[in-house]
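Engineer: My structure is stored as entry-v9.txt, with compact mmCIF, C-alpha atoms and all ligand atoms.
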```txt
# COMPACT_ATOMS: atom_id res chain seq x y z
CA MET A 1 110.71 104.32 90.23
CA THR A 2 112.85 107.09 88.79
CA CYS A 3 111.96 109.51 86.03
CA LYS A 4 113.61 108.79 82.71
CA PRO A 5 114.18 112.12 80.93
CA GLN A 6 115.56 110.19 77.94
CA LEU A 7 112.04 108.78 77.39
CA MET A 8 110.68 112.29 77.03
CA SER A 9 113.46 113.52 74.74
CA LYS A 10 113.16 110.40 72.56
CA PHE A 11 109.46 111.11 72.24
CA LEU A 12 109.91 114.81 71.47
CA SER A 13 112.54 114.15 68.81
CA GLY A 14 110.30 111.48 67.25
CA LEU A 15 107.48 113.96 67.12
CA THR A 16 109.64 116.78 65.76
CA ILE A 17 110.99 114.54 63.01
CA ALA A 18 107.48 113.32 62.18
CA LEU A 19 106.37 116.90 61.77
CA GLY A 20 109.42 117.90 59.77
CA GLY A 21 111.09 120.07 62.41
CA GLY A 22 109.72 122.86 64.59
CA ALA A 23 110.46 121.70 68.15
CA GLY A 24 108.91 124.90 69.53
CA PHE A 25 105.68 124.31 67.63
CA VAL A 26 105.60 120.75 68.95
CA ALA A 27 106.20 121.80 72.56
CA ILE A 28 103.56 124.55 72.50
CA ASN A 29 100.87 122.29 71.07
CA LEU A 30 101.75 119.50 73.49
CA TYR A 31 101.43 121.83 76.42
CA LYS A 32 98.27 123.57 75.22
CA GLY A 33 96.55 120.27 74.60
CA ASN A 34 95.49 120.97 71.04
CA GLU A 35 93.05 118.10 70.54
CA LYS A 36 93.57 117.63 66.80
CA PHE A 37 97.34 117.75 67.25
CA TYR A 38 97.20 115.02 69.88
CA ASN A 39 94.89 112.79 67.88
CA SER A 40 96.58 113.16 64.48
CA PHE A 41 100.24 113.31 65.55
CA VAL A 42 101.02 112.71 69.21
CA MET A 43 99.18 109.43 69.75
CA PRO A 44 100.36 107.79 66.50
CA VAL A 45 103.99 108.85 67.16
CA LEU A 46 103.74 107.69 70.76
CA HIS A 47 102.52 104.28 69.61
CA ALA A 48 105.13 104.03 66.86
CA THR A 49 108.00 105.04 69.16
CA PHE A 50 107.20 103.15 72.35
CA ASP A 51 105.92 99.77 73.44
CA GLY A 52 102.88 99.77 75.74
CA GLU A 53 104.76 99.78 79.04
CA SER A 54 107.26 102.53 78.07
CA ALA A 55 104.42 104.73 76.80
CA HIS A 56 102.64 104.17 80.10
CA ARG A 57 105.78 105.13 82.04
CA LEU A 58 106.20 108.26 79.89
CA ALA A 59 102.60 109.31 80.56
CA ILE A 60 103.07 108.84 84.32
CA ASN A 61 106.27 110.90 84.26
CA MET A 62 104.62 113.65 82.24
CA ALA A 63 101.75 113.75 84.73
CA LYS A 64 104.13 113.64 87.69
CA TYR A 65 106.07 116.65 86.43
CA SER A 66 102.89 118.47 85.44
CA LEU A 67 103.62 118.30 81.70
CA LEU A 68 100.21 117.07 80.61
CA PRO A 69 97.85 119.62 79.09
CA ASP A 70 95.21 121.18 81.32
CA PHE A 71 91.75 120.20 80.12
CA TYR A 72 90.22 120.48 83.57
CA SER A 73 90.24 124.27 83.78
CA LYS A 74 88.66 124.51 80.31
CA MET A 75 85.79 122.16 81.15
CA LYS A 76 82.29 123.56 81.56
CA ASP A 77 80.33 123.13 84.76
CA TYR A 78 77.79 120.46 83.81
CA LYS A 79 74.92 120.74 86.29
CA ASN A 80 73.18 117.62 84.97
CA LEU A 81 76.26 115.46 85.65
CA LYS A 82 76.86 116.29 89.30
CA SER A 83 76.15 113.68 91.95
CA SER A 84 76.84 112.85 95.56
CA LEU A 85 77.61 109.33 96.55
CA TRP A 86 78.41 108.08 100.04
CA THR A 87 79.63 111.38 101.44
CA LEU A 88 81.57 112.37 98.33
CA GLU A 89 80.77 114.97 95.69
CA PHE A 90 81.44 114.26 92.01
CA ASN A 91 81.42 117.00 89.36
CA HIS A 92 80.67 114.38 86.72
CA PRO A 93 80.81 110.57 86.70
CA ILE A 94 84.07 109.91 84.78
CA GLY A 95 87.10 108.63 86.72
CA LEU A 96 90.45 106.99 86.02
CA ALA A 97 90.49 103.22 86.62
CA ALA A 98 93.05 101.41 88.76
CA GLY A 99 96.32 100.31 87.19
CA PHE A 100 97.28 103.60 85.55
CA ASP A 101 98.80 105.33 88.57
CA LYS A 102 99.73 102.17 90.42
CA ASP A 103 102.06 103.87 92.89
CA GLY A 104 100.18 107.12 93.49
CA GLU A 105 102.87 109.28 91.90
CA ALA A 106 100.84 111.46 89.60
CA VAL A 107 97.34 112.27 90.90
CA PRO A 108 97.51 116.08 90.53
CA GLY A 109 98.90 115.85 86.98
CA LEU A 110 96.33 113.26 85.93
CA SER A 111 93.49 115.27 87.41
CA LYS A 112 94.35 118.01 84.87
CA LEU A 113 92.88 115.70 82.23
CA GLY A 114 89.50 116.35 83.85
CA PHE A 115 88.78 113.16 85.80
CA SER A 116 86.35 113.66 88.68
CA PHE A 117 88.05 110.87 90.61
CA ILE A 118 91.23 108.82 90.36
CA GLU A 119 91.80 105.31 91.66
CA VAL A 120 95.41 104.66 92.68
CA GLY A 121 96.80 101.08 92.81
CA SER A 122 96.65 98.17 92.92
CA VAL A 123 99.10 98.45 95.77
CA THR A 124 100.59 95.41 97.51
CA PRO A 125 101.97 95.35 101.09
CA ASN A 126 105.60 94.68 100.08
CA PRO A 127 107.21 96.03 96.93
CA GLN A 128 107.20 93.51 94.09
CA SER A 129 108.30 93.76 90.48
CA GLY A 130 105.46 91.84 88.84
CA ASN A 131 105.82 89.54 85.83
CA GLU A 132 108.61 89.57 83.29
CA LYS A 133 108.53 92.05 80.40
CA PRO A 134 107.01 92.31 77.88
CA ARG A 135 103.73 92.26 79.79
CA VAL A 136 101.58 94.91 78.09
CA PHE A 137 100.32 94.42 74.52
CA ARG A 138 98.37 96.82 72.35
CA LEU A 139 95.72 95.18 70.18
CA LYS A 140 95.43 98.05 67.70
CA ASN A 141 92.82 96.49 65.44
CA ASP A 142 90.55 95.97 68.44
CA GLU A 143 91.28 99.18 70.39
CA ALA A 144 92.21 96.90 73.26
CA ILE A 145 95.07 95.97 75.59
CA ILE A 146 96.16 92.67 77.06
CA ASN A 147 98.22 93.10 80.22
CA ARG A 148 99.86 90.68 82.55
CA TYR A 149 101.67 93.15 84.81
CA GLY A 150 101.03 90.92 87.83
CA PHE A 151 100.71 93.67 90.44
CA ASN A 152 104.02 95.48 90.04
CA SER A 153 103.87 97.75 93.05
CA ALA A 154 106.17 100.01 95.04
CA GLY A 155 104.47 98.65 98.19
CA HIS A 156 102.44 100.30 100.95
CA GLU A 157 105.21 102.37 102.46
CA ALA A 158 106.43 103.95 99.22
CA VAL A 159 102.88 104.64 98.03
CA ARG A 160 102.09 106.34 101.32
CA GLU A 161 105.14 108.56 100.82
CA ASN A 162 104.18 109.31 97.22
CA LEU A 163 100.68 110.35 98.22
CA THR A 164 101.95 112.53 101.04
CA LYS A 165 104.46 114.18 98.74
CA SER A 166 102.05 114.86 95.91
CA LEU A 167 98.84 115.64 97.80
CA SER A 168 99.93 117.46 100.96
CA ASN A 169 99.62 120.92 99.43
CA LEU A 170 96.51 120.36 97.39
CA LYS A 171 94.25 117.34 96.87
CA PRO A 172 92.57 118.25 93.57
CA THR A 173 90.10 115.40 93.22
CA VAL A 174 88.42 112.40 94.86
CA VAL A 175 91.03 109.66 95.34
CA GLY A 176 90.37 105.95 95.71
CA LEU A 177 92.91 103.32 96.71
CA ASN A 178 92.81 99.87 95.17
CA LEU A 179 94.32 97.18 97.40
CA GLY A 180 96.01 94.06 96.05
CA LYS A 181 98.05 91.21 97.46
CA ASN A 182 101.65 90.04 97.13
CA LYS A 183 102.18 87.02 94.93
CA ALA A 184 104.12 85.22 97.69
CA SER A 185 101.58 85.79 100.48
CA VAL A 186 100.16 82.64 101.96
CA ASP A 187 96.98 84.04 103.49
CA SER A 188 95.52 86.61 101.10
CA VAL A 189 93.14 88.24 103.52
CA ASP A 190 96.08 89.40 105.67
CA ASP A 191 97.36 91.53 102.79
CA TYR A 192 94.05 93.39 102.50
CA VAL A 193 93.88 93.79 106.27
CA ALA A 194 97.42 95.24 106.10
CA GLY A 195 96.21 97.64 103.38
CA LEU A 196 93.40 98.91 105.58
CA GLU A 197 95.81 99.26 108.50
CA ALA A 198 98.31 101.21 106.39
CA PHE A 199 95.87 103.58 104.69
CA GLY A 200 92.56 103.32 106.59
CA ASN A 201 92.79 106.71 108.16
CA SER A 202 94.86 108.46 105.50
CA LYS A 203 93.49 111.91 104.75
CA PHE A 204 94.45 111.45 101.11
CA ILE A 205 92.14 108.50 100.43
CA ASP A 206 88.37 108.87 100.00
CA TYR A 207 87.36 105.28 99.26
CA PHE A 208 88.90 101.80 99.15
CA VAL A 209 88.62 98.97 96.65
CA ILE A 210 89.36 95.36 97.49
CA ASN A 211 90.64 93.92 94.24
CA ILE A 212 90.07 90.17 94.04
CA SER A 213 89.60 90.02 90.29
CA SER A 214 92.94 90.61 88.55
CA PRO A 215 93.68 87.58 86.40
CA ASN A 216 97.47 87.85 86.71
CA THR A 217 97.95 86.77 90.33
CA PRO A 218 97.55 83.01 90.69
CA GLY A 219 94.53 82.00 92.79
CA LEU A 220 93.34 85.58 93.39
CA ARG A 221 90.06 85.28 91.53
CA ASN A 222 89.07 82.20 93.57
CA ILE A 223 88.41 84.51 96.51
CA GLN A 224 85.29 85.52 94.58
CA LEU A 225 83.81 82.05 95.12
CA LYS A 226 81.18 81.82 97.85
CA ASN A 227 82.98 79.56 100.35
CA HIS A 228 86.10 81.79 100.20
CA LEU A 229 84.30 85.11 99.90
CA GLU A 230 82.07 84.81 102.93
CA PRO A 231 84.82 84.51 105.59
CA PHE A 232 87.00 86.90 103.57
CA LEU A 233 84.41 89.69 103.61
CA ASP A 234 83.60 89.06 107.27
CA LYS A 235 87.25 89.55 108.19
CA ILE A 236 87.65 92.65 106.01
CA LEU A 237 84.52 94.25 107.42
CA GLN A 238 85.49 93.43 111.00
CA THR A 239 88.87 95.06 110.37
CA LYS A 240 87.17 98.12 108.96
CA ALA A 241 85.01 98.37 112.07
CA LYS A 242 87.91 97.73 114.44
CA LEU A 243 89.97 100.48 112.79
CA LYS A 244 86.93 102.79 112.77
CA ILE A 245 87.28 103.37 109.03
CA THR A 246 84.22 105.26 107.88
CA LYS A 247 85.21 105.63 104.24
CA PRO A 248 83.42 103.51 101.63
CA LEU A 249 84.82 100.05 100.91
CA LEU A 250 84.10 98.52 97.50
CA LEU A 251 84.74 95.13 95.94
CA LYS A 252 86.11 94.85 92.39
CA ILE A 253 84.86 91.85 90.46
CA SER A 254 85.67 90.00 87.26
CA PRO A 255 83.59 89.92 84.08
CA ASP A 256 84.17 86.17 83.81
CA LEU A 257 81.86 85.04 86.63
CA SER A 258 79.11 82.47 86.04
CA GLU A 259 75.47 83.33 86.72
CA LYS A 260 75.60 81.39 90.00
CA GLU A 261 78.79 83.17 91.08
CA LYS A 262 77.20 86.56 90.39
CA GLU A 263 74.16 85.58 92.49
CA ASP A 264 76.40 84.43 95.35
CA ILE A 265 78.40 87.66 95.31
CA ALA A 266 75.26 89.78 95.23
CA GLU A 267 73.84 87.83 98.15
CA LEU A 268 77.03 88.25 100.20
CA VAL A 269 77.49 91.95 99.55
CA ILE A 270 73.95 92.88 100.52
CA LYS A 271 73.74 90.38 103.40
CA SER A 272 72.94 92.06 106.70
CA ARG A 273 75.64 91.54 109.28
CA PRO A 274 75.85 92.41 112.97
CA ASN A 275 76.43 96.11 113.66
CA GLY A 276 75.38 97.06 110.14
CA LEU A 277 78.75 96.04 108.63
CA LYS A 278 78.48 96.07 104.85
CA ILE A 279 80.22 96.46 101.53
CA ASP A 280 79.52 99.95 100.19
CA GLY A 281 79.76 99.30 96.46
CA LEU A 282 81.06 97.23 93.57
CA VAL A 283 83.53 98.01 90.80
CA VAL A 284 82.28 96.14 87.72
CA THR A 285 84.52 95.02 86.01
CA ASN A 286 88.19 94.13 85.91
CA THR A 287 89.80 92.75 82.71
CA THR A 288 88.63 89.48 81.12
CA VAL A 289 90.51 86.29 80.30
CA SER A 290 87.98 85.58 77.55
CA ARG A 291 88.91 86.43 73.93
CA PRO A 292 85.75 87.59 72.18
CA ASP A 293 86.38 87.63 68.42
CA LEU A 294 89.65 89.61 68.22
CA LYS A 295 91.35 90.81 65.03
CA SER A 296 94.86 91.61 66.33
CA PRO A 297 97.77 89.14 66.22
CA GLU A 298 98.53 89.82 69.92
CA ALA A 299 95.20 88.21 70.87
CA SER A 300 96.96 85.00 71.85
CA GLU A 301 98.99 86.69 74.62
CA THR A 302 98.19 85.59 78.16
CA GLY A 303 96.65 88.20 80.46
CA GLY A 304 93.62 90.37 81.06
CA LEU A 305 91.88 91.94 78.09
CA SER A 306 90.48 95.50 78.35
CA GLY A 307 89.04 98.10 76.01
CA GLN A 308 86.41 97.81 73.24
CA PRO A 309 86.02 93.99 73.25
CA LEU A 310 85.21 94.11 76.99
CA LYS A 311 82.53 96.76 76.66
CA ASN A 312 79.36 94.70 76.24
CA LEU A 313 80.46 92.01 78.66
CA SER A 314 81.02 94.56 81.40
CA THR A 315 77.80 96.49 80.65
CA GLN A 316 75.84 93.24 80.94
CA MET A 317 77.59 92.49 84.26
CA ILE A 318 76.60 95.95 85.53
CA ARG A 319 72.98 95.27 84.54
CA ASP A 320 73.08 91.87 86.27
CA MET A 321 74.69 93.13 89.47
CA HIS A 322 72.34 96.13 89.66
CA PHE A 323 69.39 93.75 89.37
CA LEU A 324 70.77 91.12 91.77
CA THR A 325 71.65 93.68 94.44
CA LYS A 326 68.24 95.34 93.89
CA GLY A 327 69.97 98.63 93.18
CA SER A 328 70.88 98.82 96.86
CA ILE A 329 74.62 99.54 96.49
CA PRO A 330 76.37 101.89 94.07
CA ILE A 331 78.29 100.39 91.15
CA ILE A 332 81.36 101.91 89.49
CA GLY A 333 81.21 100.66 85.90
CA ALA A 334 84.41 100.00 83.92
CA GLY A 335 85.15 98.27 80.64
CA GLY A 336 85.61 99.67 77.15
CA VAL A 337 84.24 103.17 77.71
CA SER A 338 85.55 105.45 74.97
CA ASP A 339 82.80 107.97 74.29
CA GLY A 340 79.74 109.61 75.81
CA LYS A 341 77.41 106.93 74.46
CA ASP A 342 79.40 104.14 76.15
CA ALA A 343 79.27 106.01 79.46
CA TYR A 344 75.53 106.69 79.03
CA GLU A 345 74.85 102.98 78.41
CA LYS A 346 76.70 101.96 81.55
CA LEU A 347 74.83 104.50 83.69
CA ARG A 348 71.51 103.27 82.28
CA ALA A 349 72.64 99.70 83.02
CA GLY A 350 73.09 100.57 86.69
CA ALA A 351 76.45 102.26 87.21
CA SER A 352 76.53 105.41 89.35
CA LEU A 353 80.08 106.27 88.30
CA ILE A 354 82.28 105.25 85.37
CA GLN A 355 85.98 104.47 85.07
CA LEU A 356 88.17 104.10 82.03
CA TYR A 357 91.76 103.25 81.21
CA THR A 358 92.35 101.65 77.80
CA ALA A 359 90.57 104.29 75.70
CA LEU A 360 92.86 106.96 77.16
CA THR A 361 95.87 105.19 75.65
CA TYR A 362 94.26 105.23 72.18
CA ARG A 363 92.37 108.50 72.15
CA GLY A 364 94.68 110.76 74.12
CA PRO A 365 94.36 113.36 76.86
CA SER A 366 91.32 115.24 75.50
CA LEU A 367 89.20 112.11 75.96
CA VAL A 368 87.65 112.91 79.35
CA SER A 369 86.46 116.39 78.41
CA THR A 370 84.99 115.00 75.17
CA ILE A 371 83.12 112.18 76.94
CA VAL A 372 81.77 114.50 79.62
CA ASP A 373 80.46 116.94 77.03
CA GLU A 374 78.84 114.17 74.95
CA LEU A 375 77.28 112.58 78.03
CA SER A 376 75.75 115.82 79.22
CA HIS A 377 74.15 116.33 75.79
CA LEU A 378 72.83 112.76 75.58
CA ILE A 379 71.17 113.10 78.98
CA SER A 380 69.42 116.36 78.14
CA GLU A 381 68.44 115.20 74.63
CA ASP A 382 66.55 112.33 76.27
CA GLY A 383 64.72 114.75 78.55
CA PHE A 384 66.52 113.99 81.82
CA SER A 385 67.89 116.64 84.09
CA SER A 386 70.35 114.62 86.18
CA ILE A 387 72.32 111.38 86.03
CA GLU A 388 70.49 110.18 89.11
CA GLU A 389 67.34 109.83 86.95
CA ILE A 390 68.98 107.38 84.55
CA ILE A 391 70.97 105.04 86.79
CA GLY A 392 69.71 101.51 86.22
CA ILE A 393 66.72 102.35 84.04
CA ASP A 394 67.75 99.77 81.42
CA ALA A 395 68.39 97.08 84.06
CA GLU A 396 64.89 97.62 85.41
CA LYS A 397 63.37 97.56 81.92
CA ALA A 398 65.17 94.31 81.11
CA THR A 399 63.53 92.57 84.06
CA LYS A 400 59.94 93.75 83.43
C1 LIG A 501 97.61 97.95 81.74
C2 LIG A 501 96.50 97.77 82.73
C3 LIG A 501 96.79 97.57 84.07
C4 LIG A 501 95.75 97.38 85.00
N1 LIG A 501 96.06 97.23 86.32
C5 LIG A 501 95.06 97.10 87.22
C6 LIG A 501 95.34 97.01 88.62
O1 LIG A 501 96.49 97.09 89.06
N2 LIG A 501 94.29 96.85 89.46
C7 LIG A 501 92.99 96.79 89.05
O2 LIG A 501 92.08 96.66 89.86
N3 LIG A 501 92.70 96.90 87.72
C8 LIG A 501 93.69 97.06 86.83
N4 LIG A 501 93.38 97.18 85.49
C9 LIG A 501 91.97 97.08 85.06
C10 LIG A 501 91.30 98.46 84.91
O3 LIG A 501 91.25 99.12 86.13
C11 LIG A 501 89.86 98.32 84.35
O4 LIG A 501 89.08 97.63 85.29
C12 LIG A 501 89.81 97.56 83.02
O5 LIG A 501 90.94 97.84 82.23
C13 LIG A 501 88.55 97.90 82.21
O6 LIG A 501 88.52 99.25 81.82
P1 LIG A 501 89.02 99.77 80.35
O7 LIG A 501 88.41 98.85 79.34
O8 LIG A 501 88.52 101.18 80.28
O9 LIG A 501 90.50 99.69 80.37
C14 LIG A 501 94.40 97.38 84.57
C15 LIG A 501 94.12 97.59 83.20
C16 LIG A 501 95.14 97.79 82.29
C17 LIG A 501 94.80 98.04 80.85
```
Translate the structure described by the file into structure tokens.
Structural biologist:
Amino acid sequence: MTCKPQLMSKFLSGLTIALGGGAGFVAINLYKGNEKFYNSFVMPVLHATFDGESAHRLAINMAKYSLLPDFYSKMKDYKNLKSSLWTLEFNHPIGLAAGFDKDGEAVPGLSKLGFSFIEVGSVTPNPQSGNEKPRVFRLKNDEAIINRYGFNSAGHEAVRENLTKSLSNLKPTVVGLNLGKNKASVDSVDDYVAGLEAFGNSKFIDYFVINISSPNTPGLRNIQLKNHLEPFLDKILQTKAKLKITKPLLLKISPDLSEKEKEDIAELVIKSRPNGLKIDGLVVTNTTVSRPDLKSPEASETGGLSGQPLKNLSTQMIRDMHFLTKGSIPIIGAGGVSDGKDAYEKLRAGASLIQLYTALTYRGPSLVSTIVDELSHLISEDGFSSIEEIIGIDAEKATK
């Protein structure tokens, strides 16, 4: 994809007009990341000027050309938020969820917002354009999004080039890669195998996610069902072993699974296989096709719902999967996190790390540093000295 400078200039003139002139004032505050300025002016103007997809593209271009404000270097060093997982070190548990930087164009710029890890993707083997526009809808009254992008992806080769270009000099953060499948593929598992072959030994990727839970690719979510999932996971894990990939491999699941489906998945991910082959973690959850009590007119759009209305559903799923897997594999929790309390709840439910996406589009670039600060305070106020002490304590309580 190419950069569209006209997007940026349209945005800047909108903002300058909204503020009654003073382009210099606007530019300085944008660059410095003045939190109040972003929340009171930038985000409302962004939403008024652009539809969801154009605003997303603008944000990616700003990150790509290092135009986003630097919150990372201003963040404190929070000792009680540090953790190590697999063989990776995390400064705090807040990461960027898949779907924001689909093509791996903007990791260094996005890491300036303070994320401790960034998940690139979903990436498909061949380039594909995804569904017709419009395909992203803001549900303002619900602080939510419905998207039906349908895996628009530049494809493995272009994403590999993007990552090499942007990360060769400096890899500023932990990077995950979320693998998807082409709409036209006949045998889905081959697309994930191709993903592991293309990126398995890339020095830019620290962990992999097998995404079988996006609602916008026909048939994809059926792979989560036991009779499909068992041979699917066997093949993926055999490929991982054959390619000698030692990096963690996670499975991303949907919030719309039945109790029985959750039990089956838990059983299959912790099942012992020959040579110790296993899934290393779960990402819980993707977007939902359910429509829990929404107030916005866009609620009837087809697609996956994310943000506030997904929050409790995904926290409950985290609790369930932590319990069903007996806390034996790490969970990355995602769904409606927009403040420190939301993140704290998900950690207590059983997540070891947290991801967010939708809240960033409503609350702006200072969000990560705010959440991290709030989370650190909540943990110490409750008398804990590290996040490791709180992971899953509510899931365990709920079962006693
Ligand atoms: C516009 C949009 C696009 C997304 N694209 C992907 C994707 O390509 N792959 C994926 O695994 N998840 C994707 N997601 C789901 C997010 O990664 C995340 O699981 C979900 O949105 C819940 O988090 P949130 O409520 O903080 O947004 C997407 C979400 C949104 C809003």
Engineer: Choose the residue, out of A:Asp293, A:Asp206, A:Glu267, A:Asp339, that has the smallest atom-to-atom separation from ligand LIG 501 (chain A); count all atoms listed in the file.
Structural biologist: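 Ranking A:Asp293, A:Asp206, A:Glu267, A:Asp339 by distance to ligand LIG 501 (chain A), first place goes to A:Asp339.
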Engineer: Around ligand LIG 501 (chain A), which protein and nucleic acid residues have at least one atom no more than 8 Å from it, if we count all atoms listed in the file? List them as number ranges by chain.
Structural biologist: A: 53, 96-100, 102, 121-123, 136, 144-152, 178-180, 209, 211-214, 252, 283-287, 304-308, 310-311, 334-338, 355-360
Engineer: Could you give me, as a list of chain:residue names, the residues within 9 Å of segment 170-173 of chain A, counting all atoms listed in the file and dropping anything in the same chain fewer than 6 positions from it?
Structural biologist: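 In the requested format, the answer is A:Phe90, A:Val107, A:Pro108, A:Ser111, A:Lys112, A:Phe115, A:Ser116, A:Phe117, A:Ile118, A:Phe204.
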Engineer: Between atom CA of Gln224 of chain A and atom CA of Gln238 of chain A, what is the distance in Å, rounded to a tenth?
Structural biologist: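 Interatomic distance here is 18.2 Å.
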Engineer: Using all atoms listed in the file, which of the listed residues (A:Ser328, A:Ser83, A:Asn91, A:Asn222) sits closest to Val372 of chain A?
Structural biologist: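 Nearest candidate to Val372 of chain A out of A:Ser328, A:Ser83, A:Asn91, A:Asn222: A:Asn91.
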Engineer: So how many Å separate atom CA of Arg348 of chain A and atom CA of Phe208 of chain A, to one decimal?
Structural biologist: 24.3 Å
Engineer: Mind giving me the straight-line distance from atom CA of Ser290 of chain A to atom CA of Tyr344 of chain A in Å, one decimal?
Structural biologist: 24.6 Å
Engineer: Considering only C-alpha atoms, can you say which of A:Lys271, A:Arg221, A:Arg138, A:His322 comes closest to Ser296 of chain A?
Structural biologist: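 Among the listed residues, A:Arg138 lies closest to Ser296 of chain A.
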Engineer: As JSON, what would the box around segment 338-355 of chain A look like: edges along x, y and z, 6 Å added on every side, centre and edge lengths in Å to one decimal?
Structural biologist:
```
{"center_x": 78.7, "center_y": 104.7, "center_z": 81.8, "size_x": 26.5, "size_y": 21.9, "size_z": 27.1}
```
Engineer: Rank A:Ile393, A:Leu268, A:Leu367, A:Ile329 by their smallest atom-to-atom distance to Asp234 of chain A, using all atoms listed in the file, and report the top residue only.
Structural biologist: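 Using all atoms listed in the file, the shortest distance to Asp234 of chain A belongs to A:Leu268.
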Engineer: Between A:Asn61, A:Asn275, A:Thr246, A:Ser188, which has the minimum distance to Ser202 of chain A (counting all atoms listed in the file)?
Structural biologist: A:Thr246
Engineer: Tell me which protein, DNA and RNA residues are within 7 Å of Tyr207 of chain A, counting all atoms listed in the file, leaving out same-chain ones fewer than 5 positions away, and put them as a list in words.
Structural biologist: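 Answer for this query is Val175, Gly176, Leu177, Lys247, Pro248 and Leu249 of chain A.
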Engineer: Taking into account only C-alpha atoms, which residue in the set A:Ser185, A:Ser153, A:Thr361, A:Ser84 is nearest to Phe50 of chain A?
Structural biologist: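 Checking each candidate against Phe50 of chain A, we get A:Thr361 as the closest.
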Engineer: Which residues of segment 309-389 of chain A have any atom within 9 Å of an atom in segment 42-46 of chain A when counting only C-alpha atoms, and what is the closest pair of atoms for each, with the distance in Å to one decimal? Order the rows by chain and rising number and write it as JSON lines.
Structural biologist:
```
{"residue": "A:Thr361", "atom": "CA", "partner": "A:Met43", "partner_atom": "CA", "distance": 8.0}
{"residue": "A:Tyr362", "atom": "CA", "partner": "A:Met43", "partner_atom": "CA", "distance": 6.9}
{"residue": "A:Arg363", "atom": "CA", "partner": "A:Met43", "partner_atom": "CA", "distance": 7.3}
{"residue": "A:Gly364", "atom": "CA", "partner": "A:Met43", "partner_atom": "CA", "distance": 6.4}
```
Engineer: Compile the contact shell of Ala395 of chain A as an MDAnalysis selection string: residues with an atom at most 9 Å away, counting all atoms listed in the file, same-chain residues fewer than 2 positions apart removed.
Structural biologist: chainID A and resid 316 318:320 322:323 348:350 391:393 397:399
